[in-house]
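Student: Here it is, the structure in full.
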Amino acid sequence: MFLGIPYAKAPVGELRFMPPVPVEKWGGLLKAKEFGPSCMQTPGALSAAGELSEDCLSLNVYTPNKADDAPVMVFIHGGAFVAGGSNQYDGWRLAQEYGAVVVTLNYRLGALGFLSHPELDLAMGAAQSGNMGLKDQQLALQWVQDNISAFGGDAGNVTVFGESAGSMSTCIQMVAPGSQDLAHKFIMQSAVCVGGLPVNTKEQSDALGGALASAFCAEAEDTLACLQSAPADALVAWGADAGIFGAGWSPTIVPESDILPASPVALIASGQYNPGPIMVGTNVREWGLFQLIGSTAPVASIAEFHAYIDATFPAPITGAIKALYDPVLDDFANLKLIELTTDQVFRCPTRAFARLTSSLGSNVWLYSFEQGAAYHAMELAYVFGNPSETLNPVLNEPTRETIQSYWSGFAATGTPNQDGQPEWPACRGRR
């Protein structure tokens, strides 16, 4: 394990909100025995433990004892773009038992990673602000291309995988013009970039950035300088109590950028994406996690379930939704709410993505994770092979072996189907 390797300069002072700058080479030895700090975030159920800092752009490498041109798996963590860190994921088992070189990384979160503002655009010389957290990921992928061979990894065989916001990030790196030569295969767990989780327009993100600037720097003569000197913890805390996705920090469509020059679905539909093999799927009761951590409320009756539908969906379709998901008893009302919202936010967008990419010729494997409660994030313990005290204290070993074999086999060969495992048919989608 090589932990806490910096891949970019500290994004502080005049580098705050700016594109990441590659770290300068150093002389001598770097002690890589401890994780670097996680990026700034507010405490919460999805947050990373341990030290937080703006100086957080580091990554970790896990290698087999003997690695020579091993497949590389780069993991992007989730957390709604406002929480999480690389120290939450231990790649030892995928490395030691399944022969992969595993990389986990930190990227800027919340306002520090996704602020869009005209003053930033002026400083950058173009309307490019809004996606610096994604630029961090892109630079980390470039670091892998430049350096992973020294760790026994094959830079020509890189799989990017992620969960939740990390899965959406994986999807965006698949379509980003500046990332087309940085990866070869993609695994997306519980989110895609073509629906469900929001993608902002530049106008929407500029409006959000303007509201933050007004909250911190309304009287400042130099708005950018004021924002770059504001307390980092206060910036990421702004709007954090505004609902399940906080203030609304999210990837932004920035025309003529090398991240998202157009909507992801438009880029994919026009063939402007990396056509490498894809594994993608969801957990059968994703929404249950958000109830479990208190981010959203359950319902106790059919009447409450119907009221939720009336408040959430446009009137012309509420009747059809009630008919499709209607519980037979009050006792099943919340299970139906979890099913409905899982379909709305995760499952239907994922299946639409699989149909679209497979119809364009990509090799796609679609999964549904249904082990145990199968809430959001509960597949992660199986993917990494490490029990989770909070979500999966005990793993079903045959399921773990199957999942880790599928994931690592896909990274090695471009198909999850390996000897000794159940055959997983590829998706044959239609538009």
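Here, A, B, ... name the chains of the structure tokens in the order displayed, residue numbers run from 1 inside each chain, and ligands are numbered from 1 in the same displayed order.
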Which residues of range 235-257 of chain A come within 6 Å of range 198-218 of chain A, and what is each one's closest atom pair and distance in Å (one decimal), counting only C-alpha atoms, sorted by chain and residue number, as CSV?
Tutor:
residue,atom,partner,partner_atom,distance
A:Pro251,CA,A:Val199,CA,5.4
A:Thr252,CA,A:Asn200,CA,4.6
A:Ile253,CA,A:Thr201,CA,5.2
A:Val254,CA,A:Lys202,CA,6.0
Student: Write the selection just made, keeping N, CA and C atoms, as an mmCIF file, in the first residue's frame?
Tutor:
data_model
loop_
_atom_site.group_PDB
_atom_site.id
_atom_site.type_symbol
_atom_site.label_atom_id
_atom_site.label_comp_id
_atom_site.auth_asym_id
_atom_site.auth_seq_id
_atom_site.Cartn_x
_atom_site.Cartn_y
_atom_site.Cartn_z
ATOM 1 N N PRO A 251 -22.154 18.525 -11.203
ATOM 2 C CA PRO A 251 -21.467 18.795 -12.470
ATOM 3 C C PRO A 251 -22.239 19.789 -13.328
ATOM 4 N N THR A 252 -21.493 20.573 -14.099
ATOM 5 C CA THR A 252 -22.061 21.677 -14.866
ATOM 6 C C THR A 252 -21.715 21.542 -16.338
ATOM 7 N N ILE A 253 -22.698 21.791 -17.198
ATOM 8 C CA ILE A 253 -22.441 21.837 -18.639
ATOM 9 C C ILE A 253 -21.747 23.161 -18.953
ATOM 10 N N VAL A 254 -20.518 23.076 -19.430
ATOM 11 C CA VAL A 254 -19.718 24.264 -19.742
ATOM 12 C C VAL A 254 -19.309 24.179 -21.208
#
Student: Would you kindly return, as a PyMOL selection string, each protein, DNA or RNA residue with an atom no farther than 10 Å from any atom of Asp233 in chain A, considering only C-alpha atoms and excluding same-chain residues fewer than 5 positions away?
Tutor: chain A and resi 40-42+52-54+112+238
Student: Near Arg428 in chain A, within 10 Å and counting only C-alpha atoms, which residues show up once chain neighbours fewer than 6 positions away are dropped, as a ChimeraX atom specification?
Tutor: /A:354-359,361-366
Student: Looking at only C-alpha atoms, which of A:Gly133, A:Pro349, A:Gly288, A:Pro177 is the one that sits closest to Met18 in chain A?
Tutor: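 Answer, going by the shortest atom-to-atom distance: A:Gly133.
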Student: Give me the residues within 7 Å of Phe384 in chain A as a ChimeraX atom specification, counting only C-alpha atoms and dropping any in the same chain fewer than 3 places off.
Tutor: /A:90-91,93-94,380-381
Student: Please list as a list in words every residue within 8 Å of Gly162 in chain A, counting only C-alpha atoms and excluding residues in the same chain fewer than 6 positions away.
Tutor: Phe75, Ile76, His77, Gly78, Met168, Ser169, Thr170, Ile187, Met188 and Gln189 of chain A
Student: Report as a PyMOL selection string: the residues of range 134-346 of chain A with a DSSP assignment of alpha helix (DSSP H), based on the backbone of this structure.
Tutor: chain A and resi 134-147+165-175+202-217+223-229+232-237+264-269+288-292+302-312+315-325+333-342
Student: For C-alpha atoms, I'd like the residues from the last selection saved as an mmCIF file, in the first residue's frame.
Tutor:
data_model
loop_
_atom_site.group_PDB
_atom_site.id
_atom_site.type_symbol
_atom_site.label_atom_id
_atom_site.label_comp_id
_atom_site.auth_asym_id
_atom_site.auth_seq_id
_atom_site.Cartn_x
_atom_site.Cartn_y
_atom_site.Cartn_z
ATOM 1 C CA LEU A 134 -14.011 16.691 -12.014
ATOM 2 C CA LYS A 135 -10.798 18.321 -13.257
ATOM 3 C CA ASP A 136 -9.101 16.920 -10.157
ATOM 4 C CA GLN A 137 -10.282 13.429 -11.117
ATOM 5 C CA GLN A 138 -9.036 13.997 -14.659
ATOM 6 C CA LEU A 139 -5.589 15.019 -13.409
ATOM 7 C CA ALA A 140 -5.457 11.955 -11.141
ATOM 8 C CA LEU A 141 -6.224 9.768 -14.176
ATOM 9 C CA GLN A 142 -3.377 11.490 -16.013
ATOM 10 C CA TRP A 143 -1.124 10.759 -13.023
ATOM 11 C CA VAL A 144 -2.054 7.088 -13.408
ATOM 12 C CA GLN A 145 -1.079 7.180 -17.076
ATOM 13 C CA ASP A 146 2.261 8.789 -16.236
ATOM 14 C CA ASN A 147 3.213 6.778 -13.152
ATOM 15 C CA ALA A 165 -21.554 10.570 -7.229
ATOM 16 C CA GLY A 166 -18.382 8.631 -8.028
ATOM 17 C CA SER A 167 -20.338 6.570 -10.551
ATOM 18 C CA MET A 168 -21.779 9.724 -12.083
ATOM 19 C CA SER A 169 -18.195 11.036 -12.209
ATOM 20 C CA THR A 170 -17.102 7.837 -13.957
ATOM 21 C CA CYS A 171 -19.856 8.410 -16.519
ATOM 22 C CA ILE A 172 -18.700 11.997 -17.030
ATOM 23 C CA GLN A 173 -15.069 10.951 -17.476
ATOM 24 C CA MET A 174 -16.353 8.535 -20.132
ATOM 25 C CA VAL A 175 -17.812 11.449 -22.137
ATOM 26 C CA LYS A 202 -23.944 27.045 -16.575
ATOM 27 C CA GLU A 203 -26.706 29.511 -15.787
ATOM 28 C CA GLN A 204 -27.948 27.388 -12.885
ATOM 29 C CA SER A 205 -24.458 26.956 -11.456
ATOM 30 C CA ASP A 206 -23.632 30.653 -11.883
ATOM 31 C CA ALA A 207 -26.822 31.507 -9.983
ATOM 32 C CA LEU A 208 -25.802 29.169 -7.153
ATOM 33 C CA GLY A 209 -22.299 30.628 -7.127
ATOM 34 C CA GLY A 210 -23.722 34.143 -7.088
ATOM 35 C CA ALA A 211 -25.849 33.319 -4.061
ATOM 36 C CA LEU A 212 -22.801 32.011 -2.205
ATOM 37 C CA ALA A 213 -20.778 35.078 -3.176
ATOM 38 C CA SER A 214 -23.545 37.332 -1.902
ATOM 39 C CA ALA A 215 -23.587 35.463 1.404
ATOM 40 C CA PHE A 216 -19.833 35.865 1.959
ATOM 41 C CA CYS A 217 -18.646 38.823 -0.090
ATOM 42 C CA THR A 223 -15.260 39.205 -5.058
ATOM 43 C CA LEU A 224 -12.779 36.550 -6.133
ATOM 44 C CA ALA A 225 -10.107 37.614 -3.650
ATOM 45 C CA CYS A 226 -12.744 37.676 -0.920
ATOM 46 C CA LEU A 227 -13.935 34.153 -1.747
ATOM 47 C CA GLN A 228 -10.380 32.870 -1.932
ATOM 48 C CA SER A 229 -9.717 34.119 1.593
ATOM 49 C CA ALA A 232 -12.899 26.827 3.823
ATOM 50 C CA ASP A 233 -15.103 25.115 6.393
ATOM 51 C CA ALA A 234 -17.667 27.908 6.143
ATOM 52 C CA LEU A 235 -17.752 27.669 2.345
ATOM 53 C CA VAL A 236 -18.477 23.937 2.312
ATOM 54 C CA ALA A 237 -21.032 24.319 5.117
ATOM 55 C CA PRO A 264 -23.935 13.867 -21.289
ATOM 56 C CA VAL A 265 -26.912 12.282 -23.051
ATOM 57 C CA ALA A 266 -26.317 14.485 -26.117
ATOM 58 C CA LEU A 267 -22.619 13.571 -26.169
ATOM 59 C CA ILE A 268 -23.407 9.859 -25.910
ATOM 60 C CA ALA A 269 -26.218 9.943 -28.462
ATOM 61 C CA GLY A 288 -33.666 2.886 1.824
ATOM 62 C CA LEU A 289 -30.246 4.248 2.799
ATOM 63 C CA PHE A 290 -31.433 7.850 2.743
ATOM 64 C CA GLN A 291 -34.280 6.962 5.085
ATOM 65 C CA LEU A 292 -31.869 4.991 7.269
ATOM 66 C CA ILE A 302 -51.236 4.413 1.625
ATOM 67 C CA ALA A 303 -52.695 7.890 2.101
ATOM 68 C CA GLU A 304 -49.243 9.331 2.906
ATOM 69 C CA PHE A 305 -47.777 7.518 -0.090
ATOM 70 C CA HIS A 306 -50.418 9.000 -2.378
ATOM 71 C CA ALA A 307 -49.798 12.442 -0.894
ATOM 72 C CA TYR A 308 -46.083 12.060 -1.642
ATOM 73 C CA ILE A 309 -46.868 11.206 -5.260
ATOM 74 C CA ASP A 310 -49.215 14.181 -5.592
ATOM 75 C CA ALA A 311 -46.546 16.513 -4.199
ATOM 76 C CA THR A 312 -43.705 15.110 -6.307
ATOM 77 C CA ALA A 315 -50.793 15.972 -12.078
ATOM 78 C CA PRO A 316 -51.275 14.257 -15.471
ATOM 79 C CA ILE A 317 -49.197 11.225 -14.418
ATOM 80 C CA THR A 318 -49.960 10.848 -10.699
ATOM 81 C CA GLY A 319 -52.848 8.484 -11.356
ATOM 82 C CA ALA A 320 -50.742 6.173 -13.478
ATOM 83 C CA ILE A 321 -47.966 6.148 -10.866
ATOM 84 C CA LYS A 322 -50.395 5.299 -8.084
ATOM 85 C CA ALA A 323 -51.833 2.458 -10.129
ATOM 86 C CA LEU A 324 -48.399 1.057 -10.941
ATOM 87 C CA TYR A 325 -46.929 1.219 -7.424
ATOM 88 C CA ALA A 333 -46.561 1.745 1.755
ATOM 89 C CA ASN A 334 -42.978 2.633 2.634
ATOM 90 C CA LEU A 335 -41.570 -0.325 0.713
ATOM 91 C CA LYS A 336 -43.426 0.980 -2.329
ATOM 92 C CA LEU A 337 -42.043 4.468 -1.716
ATOM 93 C CA ILE A 338 -38.521 3.025 -1.668
ATOM 94 C CA GLU A 339 -39.250 1.099 -4.877
ATOM 95 C CA LEU A 340 -40.717 4.137 -6.634
ATOM 96 C CA THR A 341 -37.913 6.510 -5.683
ATOM 97 C CA THR A 342 -35.232 3.940 -6.439
#
